[in-house]
$ cat input10.txt   # compact mmCIF, C-alpha atoms
# COMPACT_ATOMS: atom_id res chain seq x y z
CA MET A 1 -12.05 -13.72 7.05
CA ARG A 2 -14.20 -16.56 8.49
CA ILE A 3 -15.10 -19.57 6.45
CA ARG A 4 -17.84 -22.04 7.27
CA LEU A 5 -18.30 -25.02 5.05
CA LYS A 6 -21.23 -27.35 5.26
CA LEU A 7 -21.91 -30.34 3.12
CA TYR A 8 -25.42 -31.47 2.42
CA GLY A 9 -26.41 -34.92 1.26
CA ALA A 10 -24.22 -37.99 1.06
CA LEU A 11 -26.04 -38.89 -2.12
CA GLY A 12 -24.24 -36.11 -3.91
CA ALA A 13 -21.05 -38.17 -3.92
CA LEU A 14 -22.75 -40.70 -6.16
CA LEU A 15 -23.42 -38.03 -8.72
CA ALA A 16 -19.83 -36.82 -8.93
CA GLY A 17 -18.36 -37.21 -12.34
CA SER A 18 -21.75 -37.65 -13.95
CA ALA A 19 -22.83 -35.37 -16.74
CA ALA A 20 -25.56 -33.85 -14.60
CA ALA A 21 -25.79 -30.07 -14.50
CA ALA A 22 -23.94 -28.24 -11.75
CA ASP A 23 -24.90 -24.89 -10.29
CA LEU A 24 -22.78 -22.20 -8.73
CA ASN A 25 -24.48 -19.41 -6.83
CA VAL A 26 -22.65 -16.48 -5.33
CA GLY A 27 -23.92 -13.92 -2.87
CA VAL A 28 -22.00 -10.68 -2.46
CA GLU A 29 -23.00 -8.17 0.17
CA VAL A 30 -22.11 -4.56 -0.47
CA PRO A 31 -22.11 -3.17 3.07
CA ASN A 32 -23.83 0.00 4.20
CA LEU A 33 -21.08 2.39 5.16
CA ASN A 34 -21.61 5.53 7.15
CA VAL A 35 -18.94 7.72 5.57
CA ALA A 36 -18.84 11.39 4.59
CA GLU A 37 -18.11 10.71 0.93
CA TYR A 38 -19.54 7.48 -0.39
CA HIS A 39 -19.03 5.99 -3.82
CA ARG A 40 -20.25 2.56 -4.75
CA PRO A 41 -17.35 0.10 -4.77
CA TYR A 42 -15.83 -1.45 -7.83
CA ILE A 43 -16.18 -5.20 -7.38
CA ALA A 44 -14.73 -8.16 -9.27
CA VAL A 45 -15.91 -11.74 -8.76
CA TRP A 46 -13.91 -14.55 -10.31
CA VAL A 47 -12.85 -18.16 -10.01
CA ALA A 48 -9.12 -18.68 -9.48
CA HIS A 49 -6.92 -21.70 -10.02
CA GLU A 50 -4.70 -22.83 -7.17
CA ASP A 51 -1.80 -20.86 -8.69
CA ASN A 52 -3.97 -17.69 -8.55
CA SER A 53 -4.44 -17.49 -12.30
CA VAL A 54 -8.00 -16.73 -13.33
CA ALA A 55 -10.11 -19.70 -14.40
CA THR A 56 -13.17 -17.63 -15.22
CA ASN A 57 -14.58 -14.17 -14.59
CA LEU A 58 -18.05 -14.05 -13.07
CA ALA A 59 -18.68 -10.34 -12.64
CA VAL A 60 -16.95 -6.96 -12.74
CA TRP A 61 -18.96 -4.02 -11.54
CA TYR A 62 -17.65 -0.57 -12.34
CA GLN A 63 -18.76 2.77 -13.64
CA GLN A 64 -19.14 2.05 -17.32
CA LYS A 65 -20.24 5.40 -18.64
CA THR A 66 -18.27 8.58 -18.82
CA GLY A 67 -18.76 10.35 -15.53
CA LYS A 68 -17.43 13.23 -13.54
CA ASP A 69 -14.22 12.70 -11.65
CA ALA A 70 -14.85 13.45 -7.99
CA GLY A 71 -11.60 15.37 -7.62
CA SER A 72 -11.34 17.49 -10.75
CA GLY A 73 -14.96 17.54 -11.90
CA LYS A 74 -13.75 16.64 -15.38
CA GLN A 75 -15.36 13.97 -17.51
CA GLU A 76 -13.56 10.66 -17.46
CA GLN A 77 -14.07 7.01 -18.19
CA GLY A 78 -15.05 4.91 -15.20
CA SER A 79 -12.81 2.14 -16.45
CA LYS A 80 -9.79 4.31 -15.55
CA TRP A 81 -9.93 3.06 -11.96
CA LEU A 82 -10.25 -0.64 -12.73
CA ALA A 83 -6.57 -1.06 -11.91
CA ASP A 84 -7.54 -0.35 -8.28
CA LEU A 85 -9.01 -3.85 -8.28
CA ARG A 86 -5.34 -4.70 -8.26
CA GLN A 87 -5.48 -8.48 -8.01
CA TRP A 88 -8.18 -8.80 -10.62
CA TRP A 89 -6.41 -6.28 -12.84
CA ARG A 90 -3.18 -8.21 -12.55
CA ARG A 91 -4.71 -11.63 -13.06
CA SER A 92 -7.29 -10.85 -15.69
CA GLY A 93 -8.40 -7.27 -16.29
CA ARG A 94 -5.29 -5.94 -17.97
CA SER A 95 -5.33 -8.72 -20.55
CA SER A 96 -9.07 -8.45 -21.23
CA THR A 97 -10.92 -6.30 -23.71
CA LEU A 98 -13.44 -4.16 -21.86
CA PRO A 99 -16.31 -4.37 -21.39
CA ILE A 100 -16.31 -8.16 -20.95
CA ASP A 101 -19.44 -9.69 -22.42
CA GLY A 102 -21.73 -11.07 -19.75
CA VAL A 103 -19.29 -10.07 -17.00
CA SER A 104 -19.05 -6.27 -16.96
CA GLY A 105 -21.86 -4.52 -15.16
CA ALA A 106 -22.73 -1.30 -13.40
CA THR A 107 -21.77 -0.65 -9.78
CA ARG A 108 -24.28 -1.96 -7.23
CA PRO A 109 -25.84 -0.25 -4.21
CA ALA A 110 -25.55 -1.56 -0.65
CA GLY A 111 -27.31 -4.89 -0.18
CA VAL A 112 -26.87 -8.54 -1.07
CA HIS A 113 -26.43 -9.27 -4.75
CA ARG A 114 -26.86 -12.77 -6.09
CA LEU A 115 -25.17 -14.30 -9.10
CA SER A 116 -26.29 -17.64 -10.48
CA PHE A 117 -24.51 -19.79 -13.01
CA ASN A 118 -24.81 -23.33 -14.30
CA ASP A 119 -22.19 -25.34 -16.12
CA LYS A 120 -23.88 -24.78 -19.47
CA GLN A 121 -23.19 -21.05 -19.31
CA PRO A 122 -19.99 -19.75 -20.92
CA GLN A 123 -18.60 -18.62 -17.54
CA LEU A 124 -18.48 -22.20 -16.22
CA ALA A 125 -18.52 -24.32 -19.37
CA GLY A 126 -14.73 -24.45 -19.56
CA LEU A 127 -14.14 -25.15 -15.86
CA LYS A 128 -12.29 -28.47 -15.63
CA PRO A 129 -12.65 -30.70 -12.53
CA GLY A 130 -10.30 -29.50 -9.82
CA LYS A 131 -9.68 -27.23 -6.83
CA TYR A 132 -10.59 -23.59 -7.16
CA GLU A 133 -11.17 -20.45 -5.16
CA LEU A 134 -14.01 -18.01 -5.48
CA VAL A 135 -12.43 -14.57 -5.16
CA VAL A 136 -14.33 -11.34 -4.52
CA GLU A 137 -12.34 -8.10 -4.60
CA ALA A 138 -13.68 -4.66 -3.75
CA ALA A 139 -12.10 -1.22 -4.15
CA ARG A 140 -13.91 1.97 -3.23
CA GLU A 141 -13.03 5.50 -4.30
CA VAL A 142 -11.71 7.42 -1.24
CA GLY A 143 -12.29 4.17 0.65
CA GLY A 144 -10.53 0.89 1.13
CA HIS A 145 -9.72 -2.32 -0.65
CA GLU A 146 -10.59 -5.87 0.34
CA LEU A 147 -10.28 -9.39 -0.96
CA VAL A 148 -12.31 -12.39 0.20
CA ARG A 149 -11.67 -15.98 -0.89
CA ILE A 150 -13.67 -19.18 -0.60
CA PRO A 151 -12.03 -22.44 -1.71
CA PHE A 152 -14.15 -25.07 -3.42
CA GLN A 153 -14.04 -28.22 -5.50
CA TRP A 154 -15.54 -28.37 -9.00
CA PRO A 155 -17.73 -30.04 -10.00
CA PRO A 156 -19.48 -30.31 -6.63
CA ALA A 157 -19.93 -33.83 -5.30
CA ALA A 158 -22.79 -32.68 -3.12
CA ALA A 159 -24.74 -29.55 -2.42
CA SER A 160 -22.64 -27.28 -0.25
CA HIS A 161 -22.76 -23.85 1.30
CA ALA A 162 -19.78 -21.75 2.33
CA ASP A 163 -19.59 -18.27 3.84
CA ALA A 164 -16.85 -15.74 4.22
CA LYS A 165 -17.05 -12.27 5.63
CA GLY A 166 -15.19 -9.13 4.71
CA GLU A 167 -13.96 -6.69 7.34
CA VAL A 168 -15.01 -3.35 5.88
CA GLU A 169 -15.46 -3.12 2.14
CA LEU A 170 -17.33 -6.40 1.74
CA GLY A 171 -20.06 -7.87 3.89
CA SER A 172 -20.89 -11.54 3.74
CA VAL A 173 -19.85 -13.52 0.68
CA SER A 174 -21.52 -16.84 0.10
CA LEU A 175 -20.96 -19.71 -2.29
CA ASP A 176 -23.62 -22.34 -2.87
CA LEU A 177 -22.82 -25.28 -5.08
CA ALA A 178 -25.21 -27.94 -6.28
CA PRO A 179 -24.47 -30.95 -8.47
CA MET B 1 23.46 31.34 -15.52
CA LYS B 2 20.46 29.56 -14.09
CA THR B 3 21.01 26.34 -15.97
CA ILE B 4 24.62 25.81 -14.92
CA ARG B 5 24.07 24.84 -11.33
CA PRO B 6 21.64 21.96 -11.80
CA LEU B 7 23.70 20.69 -14.70
CA ALA B 8 26.85 20.71 -12.61
CA ALA B 9 24.98 19.01 -9.81
CA LEU B 10 23.77 16.33 -12.14
CA ALA B 11 27.26 15.74 -13.42
CA LEU B 12 28.49 15.54 -9.85
CA ALA B 13 25.80 13.05 -8.93
CA LEU B 14 26.53 10.82 -11.86
CA PHE B 15 30.28 11.04 -11.72
CA ALA B 16 30.29 10.48 -7.99
CA ALA B 17 27.93 7.54 -8.27
CA GLY B 18 30.63 5.11 -7.22
CA ALA B 19 31.43 6.97 -4.03
CA ALA B 20 30.21 5.57 -0.73
CA HIS B 21 28.20 8.62 0.25
CA ALA B 22 26.84 9.61 -3.11
CA HIS B 23 23.49 11.26 -3.40
CA LYS B 24 20.78 9.18 -4.94
CA ALA B 25 19.50 9.98 -8.41
CA TRP B 26 15.98 8.84 -9.19
CA LEU B 27 12.89 8.98 -11.31
CA LEU B 28 9.57 8.77 -9.49
CA PRO B 29 6.46 7.89 -11.53
CA SER B 30 3.02 8.88 -10.23
CA ALA B 31 1.68 5.42 -11.11
CA THR B 32 3.10 2.31 -12.73
CA VAL B 33 0.14 -0.01 -13.31
CA LEU B 34 -2.63 1.66 -15.27
CA THR B 35 -5.62 1.07 -17.47
CA PRO B 36 -5.14 1.93 -21.17
CA ASP B 37 -4.78 5.50 -22.43
CA GLN B 38 -3.87 7.16 -19.11
CA TRP B 39 -1.31 9.80 -18.21
CA ILE B 40 1.44 9.65 -15.65
CA THR B 41 3.68 12.36 -14.31
CA VAL B 42 7.30 11.64 -13.46
CA ASP B 43 9.64 13.53 -11.12
CA ALA B 44 13.41 13.44 -11.52
CA ALA B 45 15.70 14.48 -8.70
CA VAL B 46 18.88 13.86 -6.75
CA SER B 47 18.63 13.57 -2.98
CA ASN B 48 19.74 11.61 0.04
CA ASP B 49 16.22 10.76 1.17
CA LEU B 50 13.96 8.60 -0.94
CA PHE B 51 11.86 9.93 -2.54
CA TYR B 52 11.99 13.57 -1.42
CA PHE B 53 13.01 16.60 -3.45
CA ASN B 54 15.44 18.41 -1.20
CA HIS B 55 18.71 18.70 -3.08
CA VAL B 56 18.91 19.24 -6.84
CA PRO B 57 16.87 18.29 -9.89
CA LEU B 58 17.95 15.75 -12.47
CA ARG B 59 18.14 17.40 -15.87
CA LEU B 60 15.94 15.93 -18.57
CA ASP B 61 18.37 16.53 -21.46
CA ASN B 62 19.13 12.85 -21.91
CA LEU B 63 15.63 11.54 -21.39
CA VAL B 64 14.86 8.51 -23.53
CA ILE B 65 11.33 7.10 -23.36
CA THR B 66 10.65 3.84 -25.14
CA ALA B 67 7.02 3.03 -25.97
CA PRO B 68 5.56 -0.51 -25.89
CA ASP B 69 6.20 -0.90 -29.63
CA GLY B 70 9.84 0.10 -29.29
CA ALA B 71 9.32 3.58 -30.76
CA ALA B 72 10.40 6.72 -28.93
CA ALA B 73 7.75 8.51 -26.88
CA THR B 74 7.75 12.21 -26.03
CA ALA B 75 7.67 13.78 -22.58
CA GLU B 76 5.03 16.51 -22.29
CA ASN B 77 5.21 19.63 -20.11
CA PRO B 78 8.85 19.18 -19.08
CA PHE B 79 10.04 21.55 -16.39
CA THR B 80 13.10 21.86 -14.21
CA GLY B 81 12.76 23.68 -10.92
CA LYS B 82 14.87 24.22 -7.86
CA PHE B 83 14.56 20.69 -6.50
CA ARG B 84 13.19 18.53 -9.25
CA SER B 85 12.41 18.11 -12.89
CA SER B 86 8.99 16.88 -13.93
CA PHE B 87 7.26 15.78 -17.07
CA ASP B 88 4.02 14.16 -18.12
CA LEU B 89 3.75 11.08 -20.26
CA HIS B 90 0.69 9.96 -22.18
CA LEU B 91 0.51 6.16 -22.20
CA ASP B 92 -1.45 6.11 -25.44
CA LYS B 93 -0.23 2.67 -26.49
CA ASN B 94 -1.01 -0.50 -24.60
CA GLY B 95 1.96 -2.15 -22.92
CA THR B 96 5.11 -1.22 -21.07
CA TYR B 97 7.02 2.05 -21.30
CA LYS B 98 10.64 2.39 -20.23
CA VAL B 99 11.61 5.84 -19.04
CA ALA B 100 15.38 6.34 -18.90
CA LEU B 101 17.89 9.09 -18.37
CA VAL B 102 20.89 7.85 -20.30
CA ASN B 103 24.15 9.61 -19.58
CA ASN B 104 27.53 9.18 -21.19
CA GLY B 105 30.34 11.57 -20.37
CA LEU B 106 34.06 11.83 -19.83
CA SER B 107 36.22 13.15 -17.05
CA ALA B 108 39.93 13.77 -17.40
CA SER B 109 42.89 14.83 -15.36
CA TYR B 110 46.08 16.12 -16.98
CA GLU B 111 49.10 18.31 -16.47
CA LEU B 112 49.78 21.43 -18.44
CA ASN B 113 52.97 23.44 -17.86
CA GLY B 114 53.42 21.61 -14.57
CA GLU B 115 49.93 22.49 -13.39
CA LYS B 116 47.29 19.83 -12.60
CA LYS B 117 44.00 20.27 -14.45
CA ARG B 118 40.61 18.59 -14.44
CA TRP B 119 38.05 18.43 -17.21
CA ARG B 120 34.54 17.11 -17.71
CA GLY B 121 32.67 16.91 -20.96
CA LYS B 122 31.65 14.97 -23.99
CA ALA B 123 33.82 12.75 -26.15
CA GLU B 124 33.48 15.06 -29.16
CA ASP B 125 34.93 18.00 -27.19
CA LEU B 126 37.93 16.08 -25.90
CA ALA B 127 40.36 17.04 -28.66
CA LYS B 128 39.19 20.66 -28.61
CA ASP B 129 39.31 21.13 -24.82
CA ILE B 130 42.48 19.32 -23.81
CA PRO B 131 45.59 20.79 -25.43
CA ALA B 132 47.81 18.44 -27.39
CA GLU B 133 50.81 19.32 -25.22
CA ALA B 134 49.03 18.13 -22.02
CA LYS B 135 50.88 15.43 -20.12
CA ASN B 136 49.72 12.47 -17.98
CA VAL B 137 46.27 12.59 -19.48
CA GLN B 138 43.93 10.17 -17.67
CA ILE B 139 40.49 9.89 -19.17
CA THR B 140 37.59 8.11 -17.51
CA GLN B 141 34.33 7.37 -19.25
CA SER B 142 31.21 7.59 -17.08
CA THR B 143 28.01 5.99 -18.24
CA GLY B 144 24.79 5.84 -16.32
CA ARG B 145 21.18 4.90 -16.64
CA VAL B 146 18.38 6.06 -14.34
CA GLU B 147 15.20 4.19 -15.20
CA THR B 148 11.62 3.49 -14.28
CA PHE B 149 8.74 1.62 -15.88
CA ALA B 150 5.00 2.06 -16.37
CA THR B 151 2.42 -0.15 -18.05
CA ALA B 152 -0.95 0.67 -19.56
CA GLY B 153 -3.07 -2.47 -19.93
CA LYS B 154 -1.21 -5.71 -20.50
CA PRO B 155 2.55 -5.64 -19.86
CA ASN B 156 4.95 -6.48 -22.68
CA ASP B 157 8.73 -6.74 -23.06
CA THR B 158 9.58 -4.81 -26.23
CA ALA B 159 10.79 -1.66 -24.43
CA LEU B 160 12.71 -3.71 -21.88
CA LYS B 161 15.28 -5.17 -24.26
CA ALA B 162 18.87 -4.22 -23.50
CA SER B 163 20.86 -2.24 -26.05
CA GLY B 164 24.01 -4.27 -25.41
CA LYS B 165 25.93 -1.13 -24.46
CA GLY B 166 27.12 -0.36 -20.95
CA LEU B 167 25.55 -1.49 -17.70
CA GLU B 168 21.92 -2.46 -18.15
CA MET B 169 19.12 -4.32 -16.41
CA THR B 170 16.79 -6.71 -18.20
CA PRO B 171 13.86 -7.75 -16.02
CA VAL B 172 13.17 -11.47 -15.67
CA THR B 173 10.14 -10.67 -13.52
CA HIS B 174 8.22 -7.90 -15.25
CA PRO B 175 8.95 -4.56 -13.49
CA ASN B 176 5.23 -3.71 -13.37
CA ASP B 177 4.29 -7.06 -11.90
CA LEU B 178 5.85 -6.71 -8.47
CA TYR B 179 3.93 -7.56 -5.30
CA ALA B 180 4.71 -7.58 -1.58
CA GLY B 181 5.94 -10.96 -0.37
CA GLU B 182 6.72 -12.24 -3.86
CA PRO B 183 10.19 -12.74 -5.33
CA ALA B 184 11.33 -10.78 -8.37
CA LYS B 185 14.33 -11.53 -10.55
CA PHE B 186 16.45 -9.05 -12.51
CA ARG B 187 19.34 -9.72 -14.87
CA PHE B 188 22.23 -7.30 -15.19
CA SER B 189 24.48 -7.12 -18.19
CA LEU B 190 27.58 -5.22 -19.13
CA ASP B 191 27.95 -4.61 -22.86
CA GLY B 192 25.38 -7.33 -23.43
CA LYS B 193 27.17 -9.99 -21.35
CA PRO B 194 26.03 -11.21 -17.90
CA ALA B 195 27.42 -8.96 -15.14
CA ALA B 196 28.36 -11.48 -12.44
CA ASP B 197 29.33 -10.59 -8.84
CA LEU B 198 27.77 -7.16 -9.13
CA LYS B 199 26.77 -5.55 -5.83
CA ILE B 200 23.14 -4.43 -5.91
CA GLU B 201 21.63 -2.11 -3.33
CA ILE B 202 17.87 -1.78 -2.90
CA VAL B 203 16.38 0.86 -0.59
CA PRO B 204 12.68 1.29 0.14
CA GLY B 205 11.15 4.77 -0.22
CA GLY B 206 9.81 6.76 2.70
CA SER B 207 13.25 6.97 4.32
CA ARG B 208 12.44 10.32 5.94
CA TYR B 209 10.07 8.61 8.32
CA ARG B 210 12.30 5.89 9.70
CA ASN B 211 15.64 5.67 11.47
CA ALA B 212 17.52 3.33 9.14
CA GLN B 213 17.99 3.01 5.39
CA ASN B 214 16.69 -0.59 5.56
CA GLU B 215 18.73 -1.33 2.46
CA MET B 216 18.95 -4.80 0.97
CA ASN B 217 22.36 -5.82 -0.38
CA LEU B 218 22.48 -8.45 -3.08
CA THR B 219 25.12 -9.85 -5.41
CA THR B 220 24.44 -11.07 -8.93
CA ASP B 221 25.13 -14.73 -9.72
CA LYS B 222 27.12 -16.02 -12.69
CA ASN B 223 24.19 -15.23 -14.98
CA GLY B 224 24.11 -11.65 -13.74
CA GLU B 225 20.86 -12.33 -11.91
CA VAL B 226 19.54 -11.36 -8.50
CA SER B 227 16.33 -12.30 -6.81
CA VAL B 228 14.64 -10.05 -4.26
CA THR B 229 11.56 -10.78 -2.18
CA TRP B 230 9.78 -7.49 -1.51
CA PRO B 231 9.15 -7.06 2.23
CA ALA B 232 6.26 -4.63 1.77
CA ALA B 233 4.38 -2.62 -0.82
CA GLY B 234 5.87 0.73 -1.81
CA MET B 235 8.40 2.41 -4.04
CA TYR B 236 11.92 0.96 -4.14
CA TRP B 237 15.20 2.37 -5.40
CA LEU B 238 17.84 0.08 -6.87
CA GLU B 239 21.42 1.01 -7.62
CA THR B 240 24.55 -0.71 -8.79
CA THR B 241 27.89 0.64 -9.99
CA LEU B 242 31.06 -0.80 -11.39
CA GLU B 243 34.45 0.28 -12.65
CA ASP B 244 36.53 -1.40 -15.31
CA LYS B 245 39.01 -0.68 -18.10
CA ASN B 246 36.61 -1.29 -20.96
CA ALA B 247 35.77 2.26 -22.00
CA SER B 248 34.20 2.58 -25.43
CA VAL B 249 35.80 5.98 -26.06
CA PRO B 250 39.25 5.32 -27.65
CA LYS B 251 41.38 7.57 -25.42
CA ALA B 252 39.61 6.69 -22.15
CA THR B 253 41.55 4.27 -19.95
CA SER B 254 38.84 3.40 -17.47
CA ARG B 255 35.08 3.33 -17.21
CA ARG B 256 32.59 3.95 -14.44
CA ALA B 257 29.11 2.63 -15.03
CA SER B 258 26.04 3.06 -12.88
CA TYR B 259 22.50 1.77 -13.09
CA VAL B 260 19.55 3.03 -11.08
CA ALA B 261 15.90 2.02 -11.25
CA THR B 262 12.73 2.84 -9.34
CA PHE B 263 10.15 0.08 -8.90
CA GLU B 264 6.67 0.15 -7.50
CA VAL B 265 5.69 -2.89 -5.46
CA LEU B 266 1.95 -3.30 -5.02
CA ALA B 267 0.08 -4.70 -2.03
CA GLN B 268 -1.52 -8.12 -2.37

$ encode --input "input10.txt" --output "structure tokens"
Amino acid sequence: MRIRLKLYGALGALLAGSAAAADLNVGVEVPNLNVAEYHRPYIAVWVAHEDNSVATNLAVWYQQKTGKDAGSGKQEQGSKWLADLRQWWRRSGRSSTLPIDGVSGATRPAGVHRLSFNDKQPQLAGLKPGKYELVVEAAREVGGHELVRIPFQWPPAAASHADAKGEVELGSVSLDLAP
Amino acid sequence: MKTIRPLAALALALFAAGAAHAHKAWLLPSATVLTPDQWITVDAAVSNDLFYFNHVPLRLDNLVITAPDGAAATAENPFTGKFRSSFDLHLDKNGTYKVALVNNGLSASYELNGEKKRWRGKAEDLAKDIPAEAKNVQITQSTGRVETFATAGKPNDTALKASGKGLEMTPVTHPNDLYAGEPAKFRFSLDGKPAADLKIEIVPGGSRYRNAQNEMNLTTDKNGEVSVTWPAAGMYWLETTLEDKNASVPKATSRRASYVATFEVLAQ
């Protein structure tokens, strides 16, 4: 995992602590994989405290409708495999009622998917000033599992951009913050 | 007489649990951390290698499954074959299930008309099976628990409470919240009191494919607690045994107690 962190604008420091709106934008790349049997990955995106507990869930993409199990051909709930997102399941999923309003969504195809939040939205409204990590976890049926983390400070003192890159199951993950 | 052999083997495994080269008894769940309303299947066997069925099955006669609300749960599709027993379990309640084989038996040695005899059985058959005129009667009580745990949804502790009888383990770290590189703490008790200075052995599964057992040897502290940091993800087998004079059956003069559990440690 590579992390690049750039800070833009010294002026941003002056705004820290003010009541101005703050934005958090996440980019998650679902990579194109040339494999014999491909299923879209289950992906969870959340903000973690320093002790790894979940501060807020941003997105969980999984098969939400009853579908056919690849192995048996029988109908089953897509939520059955959410435990494969094992860190998210441990930290948040198992104590949540599914689907999570505004968080649960369908699986996404290969490509870059963007999530945008501001501090007025319920996902970020409760986020107290402090150190956090953006965590993106992917688990793919008959594929692998990967976790990518980007540390950040909230609220942002200045506009910033950070990148991380997954090895296989995740492409680039980006975090853009703006005060 | 199909049923006799596995039963005898089980008795042997449990009664010999204190011996240095005892076979290992175990339960092996197909999964331990699940979303709500899923099924698991559990194998029960006795073997030297973990976790391979190559010796004898563990009988399911004394299977006790405790649901997350403390009620008893029922094993579905139970079967006992040549090498293993198996059953399915529907985790239809949210929380933690404890699956346990709870054994309690007696063994005796005595002399009758100058001849040495041995007996194994249940407490209620003692008076019937050992003649009143027997001499030098030595009775040992053997108790044992073989356990594993599985959780659907959010873990809870209701099924994990100790009964206060015999040798038991009460998790301090939840048994379905175990991860590679993280420490986990377990508390052992004997008749509800902390079991201090107890020797605990933990062996990782997959032993067929390595040259050493790679066992971890731990000793409980004065609170009956041990802490283990899991070296890697996988299934682990834990065993401890003890002997004392505190048998709960009136005529028994000594007691052997064993406790075995299987834990799944997840990758980070």

$ interface_residues --input "input10.txt" --of "chain B" --to "chain A" --cutoff "8 Å" --atoms "all atoms listed in the file" --output "tab-separated table (two decimals) with C-alpha atoms, keeping the file's coordinate frame"
chain	number	residue	atom	x	y	z
B	33	VAL	CA	0.14	-0.01	-13.31
B	34	LEU	CA	-2.63	1.66	-15.27
B	35	THR	CA	-5.62	1.07	-17.47
B	36	PRO	CA	-5.14	1.93	-21.17
B	38	GLN	CA	-3.87	7.16	-19.11
B	153	GLY	CA	-3.07	-2.47	-19.93
B	154	LYS	CA	-1.21	-5.71	-20.50
B	177	ASP	CA	4.29	-7.06	-11.90
B	268	GLN	CA	-1.52	-8.12	-2.37

$ residues_around --input "input10.txt" --residues "Ala196 (chain B)" --least-positions-apart "2" --cutoff "8 Å" --atoms "all atoms listed in the file" --output "list in words"
Phe188, Pro194, Leu198, Thr219, Thr220, Asp221, Lys222, Asn223, Gly224 and Glu225 of chain B

$ residues_around --input "input10.txt" --residues "region 121-127 of chain A" --least-positions-apart "2" --cutoff "8 Å" --atoms "only C-alpha atoms" --output "ChimeraX atom specification"
/A:55-58,117-119,129,154

$ residues_near_point --input "input10.txt" --point "(10.3, -0.7, -18.3)" --cutoff "12 Å" --atoms "only C-alpha atoms" --output "PyMOL selection string"
chain B and resi 29+32-33+64-68+70+95-100+146-152+155-162+168-177+186+261-264

$ residues_around --input "input10.txt" --residues "Ala123 (chain B)" --least-positions-apart "3" --cutoff "12 Å" --atoms "only C-alpha atoms" --output "JSON, numbers by chain"
{"B": [104, 105, 106, 107, 108, 119, 120, 126, 127, 128, 129, 130, 139, 140, 141, 142, 143, 247, 248, 249, 250, 251, 252]}

$ write_last_selection --input "input10.txt" --atoms "C-alpha atoms" --output "mmCIF file, in the frame of the given file"
data_model
loop_
_atom_site.group_PDB
_atom_site.id
_atom_site.type_symbol
_atom_site.label_atom_id
_atom_site.label_comp_id
_atom_site.auth_asym_id
_atom_site.auth_seq_id
_atom_site.Cartn_x
_atom_site.Cartn_y
_atom_site.Cartn_z
ATOM 1 C CA ASN B 104 27.530 9.180 -21.190
ATOM 2 C CA GLY B 105 30.340 11.570 -20.370
ATOM 3 C CA LEU B 106 34.060 11.830 -19.830
ATOM 4 C CA SER B 107 36.220 13.150 -17.050
ATOM 5 C CA ALA B 108 39.930 13.770 -17.400
ATOM 6 C CA TRP B 119 38.050 18.430 -17.210
ATOM 7 C CA ARG B 120 34.540 17.110 -17.710
ATOM 8 C CA LEU B 126 37.930 16.080 -25.900
ATOM 9 C CA ALA B 127 40.360 17.040 -28.660
ATOM 10 C CA LYS B 128 39.190 20.660 -28.610
ATOM 11 C CA ASP B 129 39.310 21.130 -24.820
ATOM 12 C CA ILE B 130 42.480 19.320 -23.810
ATOM 13 C CA ILE B 139 40.490 9.890 -19.170
ATOM 14 C CA THR B 140 37.590 8.110 -17.510
ATOM 15 C CA GLN B 141 34.330 7.370 -19.250
ATOM 16 C CA SER B 142 31.210 7.590 -17.080
ATOM 17 C CA THR B 143 28.010 5.990 -18.240
ATOM 18 C CA ALA B 247 35.770 2.260 -22.000
ATOM 19 C CA SER B 248 34.200 2.580 -25.430
ATOM 20 C CA VAL B 249 35.800 5.980 -26.060
ATOM 21 C CA PRO B 250 39.250 5.320 -27.650
ATOM 22 C CA LYS B 251 41.380 7.570 -25.420
ATOM 23 C CA ALA B 252 39.610 6.690 -22.150
#

$ atom_distance --input "input10.txt" --atom1 "CA of Gly181 (chain B)" --atom2 "CA of Gln153 (chain A)"
26.9 Å

$ closest_residue --input "input10.txt" --among "A:Gly27, A:Pro41, A:Gly105, A:Gly78" --to "His145 (chain A)" --atoms "all atoms listed in the file"
A:Pro41

$ closest_residue --input "input10.txt" --among "A:Glu37, A:Ser116, A:Ile150, A:Gly166" --to "Ala178 (chain A)" --atoms "only C-alpha atoms"
A:Ser116

$ atom_distance --input "input10.txt" --atom1 "CA of Ala71 (chain B)" --atom2 "CA of Arg145 (chain B)"
18.5 Å

$ axis_aligned_box --input "input10.txt" --around "region 96-102 of chain B" --padding-each-side "4 Å" --output "JSON"
{"center_x": 13.0, "center_y": 3.9, "center_z": -19.8, "size_x": 23.8, "size_y": 18.3, "size_z": 10.9}

$ closest_residue --input "input10.txt" --among "A:Glu169, A:Asp176, A:Asp101, A:Glu50" --to "Gly130 (chain A)" --atoms "only C-alpha atoms"
A:Glu50
